[in-house]
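**Q** query_38.txt is the file, holding compact mmCIF, C-alpha atoms:
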# COMPACT_ATOMS: atom_id res chain seq x y z
CA MET A 1 0.00 0.00 0.00
CA PRO A 2 1.04 3.39 -0.66
CA SER A 3 1.95 5.62 2.13
CA PRO A 4 -0.56 6.50 4.79
CA ALA A 5 -1.12 9.73 2.96
CA SER A 6 -2.42 7.97 -0.05
CA PRO A 7 -4.86 5.36 -0.70
CA ALA A 8 -5.87 3.15 1.64
CA ALA A 9 -8.38 3.22 3.91
CA VAL A 10 -9.54 0.55 6.04
CA PRO A 11 -12.19 -0.43 8.57
CA SER A 12 -11.84 -0.63 12.19
CA ALA A 13 -10.23 -3.85 13.19
CA ALA A 14 -11.12 -3.46 16.84
CA ARG A 15 -13.28 -6.40 17.74
CA ASP A 16 -13.90 -5.30 21.32
CA THR A 17 -15.82 -2.13 20.76
CA PRO A 18 -18.51 -1.40 23.31
CA ASP A 19 -21.20 -2.64 20.99
CA ARG A 20 -19.57 -6.06 21.14
CA THR A 21 -18.87 -6.18 24.84
CA PRO A 22 -21.26 -8.10 27.09
CA GLY A 23 -23.15 -5.87 29.50
CA ARG A 24 -22.74 -2.73 27.38
CA GLU A 25 -25.40 -1.11 25.28
CA ARG A 26 -24.65 -1.36 21.61
CA ARG A 27 -23.84 1.94 19.92
CA HIS A 28 -25.86 1.72 16.72
CA ASP A 29 -24.56 5.08 15.55
CA VAL A 30 -21.01 3.72 15.76
CA ASP A 31 -22.13 0.65 13.82
CA LEU A 32 -23.50 2.95 11.13
CA LEU A 33 -20.31 5.02 11.10
CA ARG A 34 -18.21 1.87 10.74
CA VAL A 35 -20.28 0.63 7.79
CA LEU A 36 -20.12 4.05 6.15
CA CYS A 37 -16.34 4.19 6.51
CA THR A 38 -15.90 0.66 5.20
CA ALA A 39 -17.85 1.55 2.06
CA ALA A 40 -15.78 4.74 1.76
CA VAL A 41 -12.60 2.63 1.82
CA VAL A 42 -13.84 0.68 -1.18
CA LEU A 43 -14.66 3.96 -2.94
CA VAL A 44 -11.13 5.28 -2.32
CA HIS A 45 -9.52 2.24 -3.90
CA ALA A 46 -12.03 2.11 -6.74
CA SER A 47 -11.21 5.78 -7.40
CA ALA A 48 -7.51 4.92 -7.52
CA ALA A 49 -8.26 2.40 -10.27
CA PHE A 50 -10.02 5.13 -12.27
CA ILE A 51 -7.09 7.51 -11.78
CA ASP A 52 -4.67 4.83 -12.98
CA ALA A 53 -6.88 4.34 -16.05
CA GLY A 54 -6.67 8.04 -16.93
CA HIS A 55 -9.97 9.31 -15.47
CA ARG A 56 -8.28 11.70 -13.07
CA THR A 57 -11.04 14.16 -12.23
CA THR A 58 -13.58 11.41 -11.53
CA GLY A 59 -11.05 9.45 -9.48
CA VAL A 60 -9.92 12.43 -7.43
CA LEU A 61 -13.51 13.43 -6.61
CA GLY A 62 -14.29 9.86 -5.60
CA ASP A 63 -11.17 9.74 -3.45
CA THR A 64 -12.18 13.03 -1.83
CA ALA A 65 -15.60 11.63 -0.93
CA GLY A 66 -13.98 8.73 0.94
CA ARG A 67 -10.80 10.30 2.35
CA PHE A 68 -12.35 10.75 5.79
CA ALA A 69 -12.58 6.97 6.32
CA VAL A 70 -9.09 6.19 7.63
CA PRO A 71 -8.98 9.06 10.18
CA VAL A 72 -12.50 8.14 11.37
CA PHE A 73 -11.39 4.55 11.90
CA PHE A 74 -8.55 5.83 14.05
CA ALA A 75 -11.09 7.98 15.91
CA MET A 76 -13.32 4.96 16.56
CA ALA A 77 -10.29 3.01 17.74
CA GLY A 78 -9.50 5.75 20.24
CA TRP A 79 -13.09 5.83 21.48
CA ALA A 80 -13.16 2.05 21.95
CA ALA A 81 -9.78 1.95 23.69
CA LEU A 82 -10.24 4.97 25.95
CA SER A 83 -13.97 5.21 26.59
CA GLY A 84 -16.17 2.57 25.03
CA ALA A 85 -14.41 -0.67 25.90
CA PRO A 86 -11.10 -0.04 27.70
CA VAL A 87 -9.15 -3.20 28.45
CA ASP A 88 -9.28 -4.62 31.96
CA ASP A 89 -5.95 -6.44 31.94
CA GLN A 90 -2.94 -7.24 29.80
CA SER A 91 -4.33 -10.53 28.51
CA ARG A 92 -7.36 -8.73 27.13
CA LEU A 93 -5.13 -6.23 25.36
CA LEU A 94 -2.92 -8.90 23.79
CA SER A 95 -5.99 -10.89 22.80
CA ARG A 96 -7.41 -7.82 21.09
CA LEU A 97 -4.19 -7.39 19.13
CA GLY A 98 -4.24 -11.07 18.19
CA ARG A 99 -7.70 -10.70 16.67
CA ILE A 100 -6.18 -8.18 14.28
CA LEU A 101 -2.83 -9.83 13.57
CA ARG A 102 -4.18 -13.30 12.72
CA PRO A 103 -6.42 -12.18 9.82
CA MET A 104 -3.79 -9.67 8.78
CA ALA A 105 -1.22 -12.46 8.39
CA VAL A 106 -3.66 -14.74 6.57
CA TRP A 107 -4.70 -12.10 4.06
CA THR A 108 -1.15 -10.94 3.48
CA ALA A 109 -0.30 -14.53 2.54
CA LEU A 110 -3.38 -14.80 0.30
CA TYR A 111 -2.60 -11.57 -1.55
CA LEU A 112 1.02 -12.63 -2.00
CA LEU A 113 -0.19 -15.97 -3.38
CA CYS A 114 -2.51 -14.21 -5.83
CA ALA A 115 0.33 -11.96 -6.95
CA TYR A 116 2.56 -15.00 -7.48
CA LEU A 117 -0.08 -16.93 -9.45
CA THR A 118 -0.98 -13.98 -11.66
CA GLY A 119 2.53 -12.60 -12.02
CA ALA A 120 1.26 -9.23 -10.81
CA SER A 121 4.13 -8.50 -8.42
CA GLY A 122 7.41 -7.29 -9.81
CA ALA A 123 9.39 -8.51 -6.81
CA ASP A 124 10.18 -12.03 -5.76
CA THR A 125 7.32 -13.45 -3.68
CA GLY A 126 9.64 -14.71 -0.97
CA GLU A 127 11.29 -11.31 -0.74
CA GLU A 128 7.88 -9.65 -0.57
CA ALA A 129 6.81 -12.03 2.20
CA ALA A 130 9.91 -11.14 4.21
CA ARG A 131 9.28 -7.44 3.67
CA ALA A 132 5.72 -7.87 4.90
CA LEU A 133 7.08 -8.63 8.37
CA LEU A 134 8.43 -5.07 8.57
CA GLY A 135 5.89 -3.16 6.52
CA SER A 136 3.14 -3.47 3.95
CA VAL A 137 3.89 -4.72 0.44
CA GLU A 138 2.44 -3.87 -2.95
CA ALA A 139 0.40 -7.06 -3.25
CA ALA A 140 -1.52 -6.07 -0.10
CA PHE A 141 -0.84 -2.35 -0.03
CA HIS A 142 -4.17 -1.54 1.65
CA LEU A 143 -3.00 -3.26 4.84
CA TRP A 144 -0.66 -0.35 5.64
CA TYR A 145 -3.41 0.89 7.93
CA LEU A 146 -2.99 -2.07 10.26
CA TYR A 147 0.73 -1.38 10.61
CA ALA A 148 -0.28 1.91 12.25
CA TYR A 149 -3.46 0.62 13.90
CA VAL A 150 -1.74 -2.10 15.95
CA PRO A 151 0.83 0.24 17.58
CA LEU A 152 -1.98 2.72 18.26
CA LEU A 153 -4.10 0.13 20.07
CA LEU A 154 -1.05 -1.07 21.97
CA LEU A 155 -0.13 2.46 23.07
CA LEU A 156 -3.67 3.35 24.17
CA GLY A 157 -4.12 0.00 25.89
CA VAL A 158 -0.90 0.38 27.87
CA LEU A 159 -1.92 3.89 28.89
CA VAL A 160 -5.29 2.63 30.12
CA LEU A 161 -3.68 -0.16 32.13
CA VAL A 162 -1.05 2.12 33.67
CA VAL A 163 -3.19 5.19 34.36
CA ARG A 164 -6.68 3.80 34.96
CA ARG A 165 -5.99 0.25 36.17
CA ARG A 166 -2.71 1.15 37.91
CA THR A 167 -1.01 -2.02 36.74
CA LEU A 168 2.36 -2.67 35.10
CA PRO A 169 1.76 -4.60 31.84
CA ARG A 170 5.34 -5.81 31.40
CA ARG A 171 4.91 -7.77 28.16
CA SER A 172 2.82 -5.09 26.48
CA LEU A 173 5.18 -2.35 27.64
CA ALA A 174 8.20 -4.29 26.36
CA LEU A 175 6.47 -4.76 23.00
CA LEU A 176 5.66 -1.06 22.83
CA VAL A 177 9.29 -0.14 23.58
CA ALA A 178 10.47 -2.59 20.92
CA LEU A 179 8.22 -0.96 18.32
CA ALA A 180 9.53 2.46 19.35
CA VAL A 181 13.24 1.65 18.98
CA ALA A 182 12.94 -0.64 15.94
CA PRO A 183 13.19 2.09 13.24
CA ALA A 184 16.46 3.45 14.64
CA LEU A 185 17.76 -0.09 15.16
CA ALA A 186 16.94 -1.01 11.57
CA GLY A 187 18.81 2.08 10.39
CA ASP A 188 21.84 1.12 12.46
CA VAL A 189 21.80 -2.41 11.05
CA ARG A 190 21.70 -1.01 7.51
CA GLU A 191 24.60 1.33 8.29
CA ILE A 192 26.78 -1.33 9.91
CA THR A 193 26.08 -4.30 7.66
CA GLY A 194 25.10 -2.67 4.39
CA TRP A 195 21.99 -4.86 4.19
CA ALA A 196 19.17 -3.34 2.17
CA LEU A 197 16.51 -3.70 4.83
CA PRO A 198 13.01 -2.51 3.91
CA GLY A 199 11.48 0.43 5.72
CA TRP A 200 9.85 -0.09 9.09
CA GLY A 201 6.08 0.10 8.83
CA TRP A 202 4.92 -0.59 12.39
CA SER A 203 4.58 3.04 13.40
CA MET A 204 2.13 5.93 13.48
CA PRO A 205 2.39 9.69 12.98
CA LEU A 206 1.25 12.13 15.65
CA SER A 207 -1.87 12.93 13.62
CA THR A 208 -3.05 9.35 14.13
CA VAL A 209 -2.88 9.70 17.91
CA VAL A 210 -4.66 13.05 17.72
CA TYR A 211 -7.46 11.55 15.62
CA ALA A 212 -7.82 8.76 18.16
CA VAL A 213 -7.98 11.06 21.20
CA ALA A 214 -10.07 13.83 19.63
CA GLY A 215 -12.37 11.26 18.03
CA ALA A 216 -12.82 9.52 21.35
CA ALA A 217 -13.85 12.82 22.89
CA LEU A 218 -16.37 13.57 20.13
CA LEU A 219 -17.92 10.11 20.17
CA ALA A 220 -18.16 10.03 23.95
CA ALA A 221 -19.49 13.58 24.36
CA PRO A 222 -23.14 14.63 24.49
CA ARG A 223 -24.57 16.15 21.34
CA LEU A 224 -22.49 19.15 20.25
CA GLY A 225 -24.71 21.51 18.27
CA PRO A 226 -27.30 20.92 15.55
CA ARG A 227 -26.63 18.01 13.22
CA THR A 228 -27.44 20.19 10.21
CA LEU A 229 -24.50 22.45 11.04
CA TRP A 230 -22.15 19.48 11.17
CA ALA A 231 -23.50 18.26 7.83
CA ALA A 232 -23.05 21.70 6.30
CA GLY A 233 -19.50 21.76 7.63
CA ALA A 234 -18.88 18.36 6.02
CA ALA A 235 -20.12 19.70 2.67
CA VAL A 236 -17.85 22.75 2.88
CA ALA A 237 -14.88 20.61 3.93
CA PHE A 238 -15.54 18.23 1.03
CA ALA A 239 -15.53 21.11 -1.44
CA ALA A 240 -12.31 22.53 0.01
CA LEU A 241 -10.62 19.13 -0.05
CA ALA A 242 -11.74 18.50 -3.63
CA VAL A 243 -10.22 21.82 -4.77
CA TYR A 244 -7.03 21.06 -2.85
CA GLN A 245 -6.66 17.60 -4.34
CA LEU A 246 -7.43 18.76 -7.87
CA THR A 247 -5.10 21.77 -7.82
CA VAL A 248 -2.43 21.31 -5.14
CA ARG A 249 -1.72 17.76 -4.08
CA HIS A 250 -3.25 14.35 -4.52
CA PRO A 251 -3.44 12.34 -2.41
CA ALA A 252 -3.86 14.76 0.46
CA ALA A 253 -2.07 13.74 3.62
CA TYR A 254 -4.39 12.39 6.28
CA GLY A 255 -2.95 14.96 8.65
CA SER A 256 -3.83 17.89 6.40
CA VAL A 257 -6.24 20.61 7.52
CA ALA A 258 -8.88 19.80 4.90
CA VAL A 259 -8.92 16.09 5.70
CA ALA A 260 -9.09 16.80 9.44
CA ALA A 261 -12.01 19.20 8.92
CA LEU A 262 -13.91 16.65 6.83
CA THR A 263 -13.15 13.90 9.34
CA PHE A 264 -14.47 15.70 12.40
CA ALA A 265 -17.46 17.05 10.48
CA VAL A 266 -18.44 13.51 9.45
CA ILE A 267 -18.08 12.30 13.04
CA GLY A 268 -20.18 15.19 14.29
CA THR A 269 -22.84 14.47 11.68
CA VAL A 270 -23.19 10.74 12.38
CA ALA A 271 -22.42 10.52 16.12
CA GLY A 272 -25.58 10.13 18.14
CA VAL A 273 -27.84 9.65 15.13
CA ARG A 274 -30.83 7.44 15.86
CA VAL A 275 -30.78 4.31 13.70
CA PRO A 276 -34.34 3.01 13.09
CA GLU A 277 -35.00 -0.18 15.02
CA ARG A 278 -36.06 -2.12 11.94
CA VAL A 279 -32.63 -1.72 10.31
CA ARG A 280 -30.48 -2.09 13.43
CA PRO A 281 -29.95 -5.86 13.02
CA LEU A 282 -28.75 -5.37 9.43
CA VAL A 283 -26.47 -2.46 10.36
CA ALA A 284 -25.06 -4.50 13.25
CA ARG A 285 -24.32 -7.48 10.99
CA LEU A 286 -22.64 -5.28 8.41
CA SER A 287 -20.63 -3.59 11.16
CA ASP A 288 -19.45 -6.95 12.45
CA ALA A 289 -18.42 -7.86 8.91
CA SER A 290 -16.56 -4.59 8.28
CA PHE A 291 -13.07 -5.86 9.12
CA GLY A 292 -13.43 -8.82 6.78
CA THR A 293 -14.84 -6.52 4.12
CA TYR A 294 -11.80 -4.29 4.39
CA LEU A 295 -9.45 -7.24 4.11
CA VAL A 296 -11.11 -8.80 1.04
CA HIS A 297 -12.32 -5.77 -0.93
CA LEU A 298 -9.10 -5.19 -2.85
CA LEU A 299 -9.70 -8.44 -4.73
CA TRP A 300 -13.03 -7.12 -6.02
CA VAL A 301 -11.50 -3.78 -6.92
CA ARG A 302 -8.89 -5.56 -9.02
CA LEU A 303 -11.31 -8.07 -10.55
CA LEU A 304 -14.24 -5.73 -11.20
CA VAL A 305 -13.43 -2.04 -10.96
CA ALA A 306 -10.01 -1.92 -12.61
CA PRO A 307 -11.09 -3.77 -15.81
CA VAL A 308 -14.11 -1.48 -16.23
CA ALA A 309 -12.02 1.64 -15.67
CA GLY A 310 -9.37 0.42 -18.10
CA ARG A 311 -11.89 -0.20 -20.91
CA LEU A 312 -13.91 2.96 -20.35
CA PRO A 313 -13.39 5.59 -23.07
CA ASP A 314 -13.08 9.25 -22.20
CA GLY A 315 -16.42 10.91 -21.59
CA PRO A 316 -18.98 12.06 -19.05
CA TRP A 317 -19.99 8.54 -18.04
CA ALA A 318 -16.91 7.94 -15.87
CA PRO A 319 -18.58 9.18 -12.63
CA ALA A 320 -21.55 6.84 -13.17
CA ALA A 321 -19.21 3.94 -13.91
CA LEU A 322 -17.24 4.67 -10.74
CA ALA A 323 -20.40 4.83 -8.65
CA VAL A 324 -21.79 1.56 -10.05
CA THR A 325 -18.55 -0.42 -9.80
CA ALA A 326 -17.71 0.91 -6.34
CA VAL A 327 -21.16 -0.03 -5.03
CA ALA A 328 -20.87 -3.47 -6.63
CA ALA A 329 -17.39 -4.06 -5.15
CA ALA A 330 -18.57 -2.95 -1.70
CA ALA A 331 -21.69 -5.14 -1.86
CA LEU A 332 -19.70 -8.20 -2.95
CA SER A 333 -17.08 -7.58 -0.26
CA PHE A 334 -19.69 -7.30 2.49
CA ALA A 335 -21.47 -10.40 1.14
CA VAL A 336 -18.30 -12.50 1.16
CA SER A 337 -17.42 -11.32 4.67
CA LEU A 338 -20.90 -12.19 5.91
CA LEU A 339 -20.56 -15.69 4.44
CA TRP A 340 -17.65 -16.51 6.71
CA GLY A 341 -19.36 -14.97 9.72
CA ARG A 342 -18.95 -18.07 11.85
CA PRO A 343 -16.66 -17.26 14.82
CA ALA A 344 -14.17 -20.00 13.92
CA TRP A 345 -13.79 -18.54 10.42
CA ARG A 346 -13.86 -14.90 11.42
CA LYS A 347 -11.04 -15.59 13.86
CA TRP A 348 -8.74 -16.14 10.86
CA LEU A 349 -10.44 -14.21 8.05
CA GLY A 350 -11.56 -11.10 9.90
Show me, as structure tokens, the structure contained in the file I just sent.
**A**
Amino acid sequence: MPSPASPAAVPSAARDTPDRTPGRERRHDVDLLRVLCTAAVVLVHASAAFIDAGHRTTGVLGDTAGRFAVPVFFAMAGWAALSGAPVDDQSRLLSRLGRILRPMAVWTALYLLCAYLTGASGADTGEEAARALLGSVEAAFHLWYLYAYVPLLLLLGVLVLVVRRRTLPRRSLALLVALAVAPALAGDVREITGWALPGWGWSMPLSTVVYAVAGAALLAAPRLGPRTLWAAGAAVAFAALAVYQLTVRHPAAYGSVAVAALTFAVIGTVAGVRVPERVRPLVARLSDASFGTYLVHLLWVRLLVAPVAGRLPDGPWAPAALAVTAVAAAALSFAVSLLWGRPAWRKWLG
């Protein structure tokens, strides 16, 4: 996956959000937000396929419409870790990380296998597999998000255990320290040995932590102002981000002002919204399937969206083609994820 500034969005991998924790009331608005962001991730990657095929304006506008997804996922992670479902002990924290790392490893292997069978990857598959231990690889570039998400959950979990539970989580703290010193250590190894080690991907910028903390505050707070004002702010932020991406830089960094404005406006618009009771079961099921949808959707983008974008001649129908193919890819991804919804399967497939 490209750098965190570029494509890839991804759904929240946190499996222990309050809506999944026994004894806690399910947050249906958070379920809805998670489903919305998961669909936006698919739109971002579908838009990238259109840009690669030469339909730049359509692709950039589609990317703009979904660029809030990754920061909102970090915000939901912060809310779950700090407010919604803080861990009670170290074993719970490590178990939570394991529920992310297992599917991550499985899908990395599957994408590498697909690249090997189709000849899509320019690098040796074994070399790519080794690189995947340190950072995301082209065959599964969308998984870059998890290389930042895991350290974020670990950091917030350790803070909760130290500050709120007043415990010393030795193993988690040692793992956190190891992640902190690894980039410098890798640089020293390259300098001393001359080995061409790949870049270290298990890290997060400050903006990620800010999204997590600020998002946690917004999602946990009482209603802040009229929803219509938040929605209007989201529309203005979208327009500003679209102009920025079309004229200054694409992709916009997730830490940029325009992306941050759109992110918090979307959270403010959706947080606290009342989901009708008749659709709550469906929204809850789709929310539970969001992590698997994120993991599998790139296959549908490559199989469905990219061929359509590549064969589409220049003309005004590109936006409609993007909308149709993105919706189809999202629907198929959710459907496949729902099919393996059994706990024993979801443990490994997300």
**Q** Using only C-alpha atoms, can you tell me which of A:Leu134, A:Ala69, A:Ala265, A:Ala242 comes closest to A:His45?
**A**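 Checking each candidate against A:His45, we get A:Ala69 as the closest.
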**Q** Stretch 87-100 of chain A: which residues within 9 Å, counting all atoms listed in the file, same-chain residues fewer than 6 positions away excluded, as a PDB file with C-alpha atoms, in the coordinates of the input?
**A**
ATOM      1  CA  ALA A  13     -10.230  -3.850  13.190  1.00  0.00           C
ATOM      2  CA  ALA A  14     -11.120  -3.460  16.840  1.00  0.00           C
ATOM      3  CA  ARG A  15     -13.280  -6.400  17.740  1.00  0.00           C
ATOM      4  CA  ASP A  16     -13.900  -5.300  21.320  1.00  0.00           C
ATOM      5  CA  ALA A  81      -9.780   1.950  23.690  1.00  0.00           C
ATOM      6  CA  LEU A 146      -2.990  -2.070  10.260  1.00  0.00           C
ATOM      7  CA  VAL A 150      -1.740  -2.100  15.950  1.00  0.00           C
ATOM      8  CA  LEU A 153      -4.100   0.130  20.070  1.00  0.00           C
ATOM      9  CA  LEU A 154      -1.050  -1.070  21.970  1.00  0.00           C
ATOM     10  CA  GLY A 157      -4.120   0.000  25.890  1.00  0.00           C
ATOM     11  CA  VAL A 158      -0.900   0.380  27.870  1.00  0.00           C
ATOM     12  CA  VAL A 160      -5.290   2.630  30.120  1.00  0.00           C
ATOM     13  CA  LEU A 161      -3.680  -0.160  32.130  1.00  0.00           C
ATOM     14  CA  ARG A 165      -5.990   0.250  36.170  1.00  0.00           C
ATOM     15  CA  THR A 167      -1.010  -2.020  36.740  1.00  0.00           C
ATOM     16  CA  LEU A 168       2.360  -2.670  35.100  1.00  0.00           C
ATOM     17  CA  PRO A 169       1.760  -4.600  31.840  1.00  0.00           C
ATOM     18  CA  ARG A 170       5.340  -5.810  31.400  1.00  0.00           C
ATOM     19  CA  ARG A 171       4.910  -7.770  28.160  1.00  0.00           C
ATOM     20  CA  SER A 172       2.820  -5.090  26.480  1.00  0.00           C
ATOM     21  CA  PHE A 291     -13.070  -5.860   9.120  1.00  0.00           C
ATOM     22  CA  LYS A 347     -11.040 -15.590  13.860  1.00  0.00           C
ATOM     23  CA  TRP A 348      -8.740 -16.140  10.860  1.00  0.00           C
ATOM     24  CA  GLY A 350     -11.560 -11.100   9.900  1.00  0.00           C
TER      25      GLY A 350
END
**Q** At a cut-off of 10 Å, using all atoms listed in the file, what residues contact A:Leu349? Leave out same-chain residues fewer than 5 positions from it and give the result as a VMD selection string.
**A** chain A and resid 99 to 100 102 to 107 291 to 293 295 to 296 337 340 to 341 343 to 344
**Q** My list of candidates is A:Leu82, A:Leu218, A:Ala184, A:Leu286. Which is closest to A:Leu155 when distances are computed with all atoms listed in the file?
**A**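 Of A:Leu82, A:Leu218, A:Ala184, A:Leu286, the one nearest A:Leu155 is A:Leu82, counting all atoms listed in the file.
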**Q** Report, in Å to a single decimal, how far apart atom CA of A:Ala318 and atom CA of A:His55 are.
**A**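 Computed distance, atom CA of A:His55 to atom CA of A:Ala318, equals 7.1 Å.
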**Q** I need the residue nearest A:Ala120 from this list: A:Val210, A:Leu241, A:Ala140, A:Ala320. Use only C-alpha atoms for the distance.
**A**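 Comparing A:Val210, A:Leu241, A:Ala140, A:Ala320 against A:Ala120, the winner is A:Ala140.
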**Q** Tell me which protein, DNA and RNA residues are within 12 Å of A:Thr108, counting all atoms listed in the file, leaving out same-chain ones fewer than 6 positions away, and put them as a tab-separated table (two decimals) with C-alpha atoms, in the frame of the given file.
**A**
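As written to disk, out.tsv reads:
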chain	number	residue	atom	x	y	z
A	1	MET	CA	0.00	0.00	0.00
A	101	LEU	CA	-2.83	-9.83	13.57
A	102	ARG	CA	-4.18	-13.30	12.72
A	114	CYS	CA	-2.51	-14.21	-5.83
A	115	ALA	CA	0.33	-11.96	-6.95
A	125	THR	CA	7.32	-13.45	-3.68
A	128	GLU	CA	7.88	-9.65	-0.57
A	129	ALA	CA	6.81	-12.03	2.20
A	130	ALA	CA	9.91	-11.14	4.21
A	131	ARG	CA	9.28	-7.44	3.67
A	132	ALA	CA	5.72	-7.87	4.90
A	133	LEU	CA	7.08	-8.63	8.37
A	135	GLY	CA	5.89	-3.16	6.52
A	136	SER	CA	3.14	-3.47	3.95
A	137	VAL	CA	3.89	-4.72	0.44
A	138	GLU	CA	2.44	-3.87	-2.95
A	139	ALA	CA	0.40	-7.06	-3.25
A	140	ALA	CA	-1.52	-6.07	-0.10
A	141	PHE	CA	-0.84	-2.35	-0.03
A	142	HIS	CA	-4.17	-1.54	1.65
A	143	LEU	CA	-3.00	-3.26	4.84
A	144	TRP	CA	-0.66	-0.35	5.64
A	146	LEU	CA	-2.99	-2.07	10.26
A	295	LEU	CA	-9.45	-7.24	4.11
A	296	VAL	CA	-11.11	-8.80	1.04
A	298	LEU	CA	-9.10	-5.19	-2.85
A	348	TRP	CA	-8.74	-16.14	10.86
A	349	LEU	CA	-10.44	-14.21	8.05
**Q** Quick one: residues within 12 Å of A:Val283, all atoms listed in the file counted, chain neighbours fewer than 2 positions away excluded, as a short mmCIF file (atom, residue, chain, number, x, y, z; two decimals) with C-alpha atoms, in the frame of the given file?
**A**
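Done, and the output landed in out_39.cif:
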data_model
loop_
_atom_site.label_atom_id
_atom_site.label_comp_id
_atom_site.auth_asym_id
_atom_site.auth_seq_id
_atom_site.Cartn_x
_atom_site.Cartn_y
_atom_site.Cartn_z
CA ASP A 19 -21.20 -2.64 20.99
CA ARG A 26 -24.65 -1.36 21.61
CA ARG A 27 -23.84 1.94 19.92
CA HIS A 28 -25.86 1.72 16.72
CA ASP A 29 -24.56 5.08 15.55
CA VAL A 30 -21.01 3.72 15.76
CA ASP A 31 -22.13 0.65 13.82
CA LEU A 32 -23.50 2.95 11.13
CA LEU A 33 -20.31 5.02 11.10
CA ARG A 34 -18.21 1.87 10.74
CA VAL A 35 -20.28 0.63 7.79
CA LEU A 36 -20.12 4.05 6.15
CA VAL A 275 -30.78 4.31 13.70
CA PRO A 276 -34.34 3.01 13.09
CA GLU A 277 -35.00 -0.18 15.02
CA ARG A 278 -36.06 -2.12 11.94
CA VAL A 279 -32.63 -1.72 10.31
CA ARG A 280 -30.48 -2.09 13.43
CA PRO A 281 -29.95 -5.86 13.02
CA ARG A 285 -24.32 -7.48 10.99
CA LEU A 286 -22.64 -5.28 8.41
CA SER A 287 -20.63 -3.59 11.16
CA ASP A 288 -19.45 -6.95 12.45
CA ALA A 289 -18.42 -7.86 8.91
CA SER A 290 -16.56 -4.59 8.28
CA PHE A 334 -19.69 -7.30 2.49
#
**Q** Using all atoms listed in the file, pick whichever of A:Pro205, A:Gly66, A:Gly187, A:Pro86 has the shortest atom-to-atom distance to A:Tyr145.
**A**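 Using all atoms listed in the file, the shortest distance to A:Tyr145 belongs to A:Pro205.
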**Q** Pick out the residues sitting within 8 Å of A:Trp200, and hand them over as a list of chain:residue names; count all atoms listed in the file, and ignore anything fewer than 2 positions along from it in its own chain.
**A**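 Within the cut-off, the hits are A:Leu134, A:Gly135, A:Ala182, A:Pro183, A:Ala186, A:Pro198, A:Trp202, A:Ser203.
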**Q** With distances taken over only C-alpha atoms, which of A:Thr57, A:Ala216, A:Gly225, A:His250 is nearest to A:Pro316?
**A**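 With only C-alpha atoms as the atom set, the closest residue is A:Thr57.
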**Q** Quick one: of A:Ala309, A:Leu159, A:Leu282, A:Leu322, who's nearest to A:Leu338, counting all atoms listed in the file?
**A**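 Distance minimum relative to A:Leu338 lands on A:Leu282.
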**Q** Figure out the distance between atom CA of A:Val308 and atom CA of A:Thr325, please, to one decimal in Å.
**A**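 Distance reported for this atom pair: 7.9 Å.
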**Q** Using only C-alpha atoms and a cutoff of 9 Å, can you tell me which residues are near (-3.6, 17.3, 14.0) in the file's coordinates, and write them out as a PyMOL selection string?
**A** chain A and resi 206-211+255-257+260
**Q** Using the file's own x, y and z axes, what box holds all listed atoms of stretch 333-339 of chain A with 4 Å on each side, keeping edges along x, y and z, and what are its centre and edge lengths in Å to one decimal, as lines of an AutoDock Vina configuration file?
**A**
center_x = -19.3
center_y = -11.5
center_z = 2.8
size_x = 12.4
size_y = 16.4
size_z = 14.2
**Q** Place N, CA and C atoms on stretch 277-286 of chain A and deliver the coordinates as a JSON list (two decimals), keeping the file's coordinate frame.
**A**
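Saved as part19.json:
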[["chain", "number", "residue", "atom", "x", "y", "z"],
["A", 277, "GLU", "N", -35.10, 1.16, 14.44],
["A", 277, "GLU", "CA", -35.00, -0.18, 15.02],
["A", 277, "GLU", "C", -35.09, -1.28, 13.98],
["A", 278, "ARG", "N", -35.86, -1.06, 12.92],
["A", 278, "ARG", "CA", -36.06, -2.12, 11.94],
["A", 278, "ARG", "C", -34.78, -2.44, 11.15],
["A", 279, "VAL", "N", -33.87, -1.47, 11.07],
["A", 279, "VAL", "CA", -32.63, -1.72, 10.31],
["A", 279, "VAL", "C", -31.43, -1.97, 11.22],
["A", 280, "ARG", "N", -31.63, -1.89, 12.53],
["A", 280, "ARG", "CA", -30.48, -2.09, 13.43],
["A", 280, "ARG", "C", -29.83, -3.46, 13.29],
["A", 281, "PRO", "N", -30.61, -4.55, 13.18],
["A", 281, "PRO", "CA", -29.95, -5.86, 13.02],
["A", 281, "PRO", "C", -29.07, -5.92, 11.77],
["A", 282, "LEU", "N", -29.54, -5.36, 10.66],
["A", 282, "LEU", "CA", -28.75, -5.37, 9.43],
["A", 282, "LEU", "C", -27.49, -4.53, 9.59],
["A", 283, "VAL", "N", -27.64, -3.33, 10.16],
["A", 283, "VAL", "CA", -26.47, -2.46, 10.36],
["A", 283, "VAL", "C", -25.47, -3.13, 11.29],
["A", 284, "ALA", "N", -25.96, -3.81, 12.32],
["A", 284, "ALA", "CA", -25.06, -4.50, 13.25],
["A", 284, "ALA", "C", -24.30, -5.62, 12.55],
["A", 285, "ARG", "N", -24.99, -6.39, 11.71],
["A", 285, "ARG", "CA", -24.32, -7.48, 10.99],
["A", 285, "ARG", "C", -23.27, -6.93, 10.03],
["A", 286, "LEU", "N", -23.61, -5.87, 9.33],
["A", 286, "LEU", "CA", -22.64, -5.28, 8.41],
["A", 286, "LEU", "C", -21.45, -4.70, 9.17]]
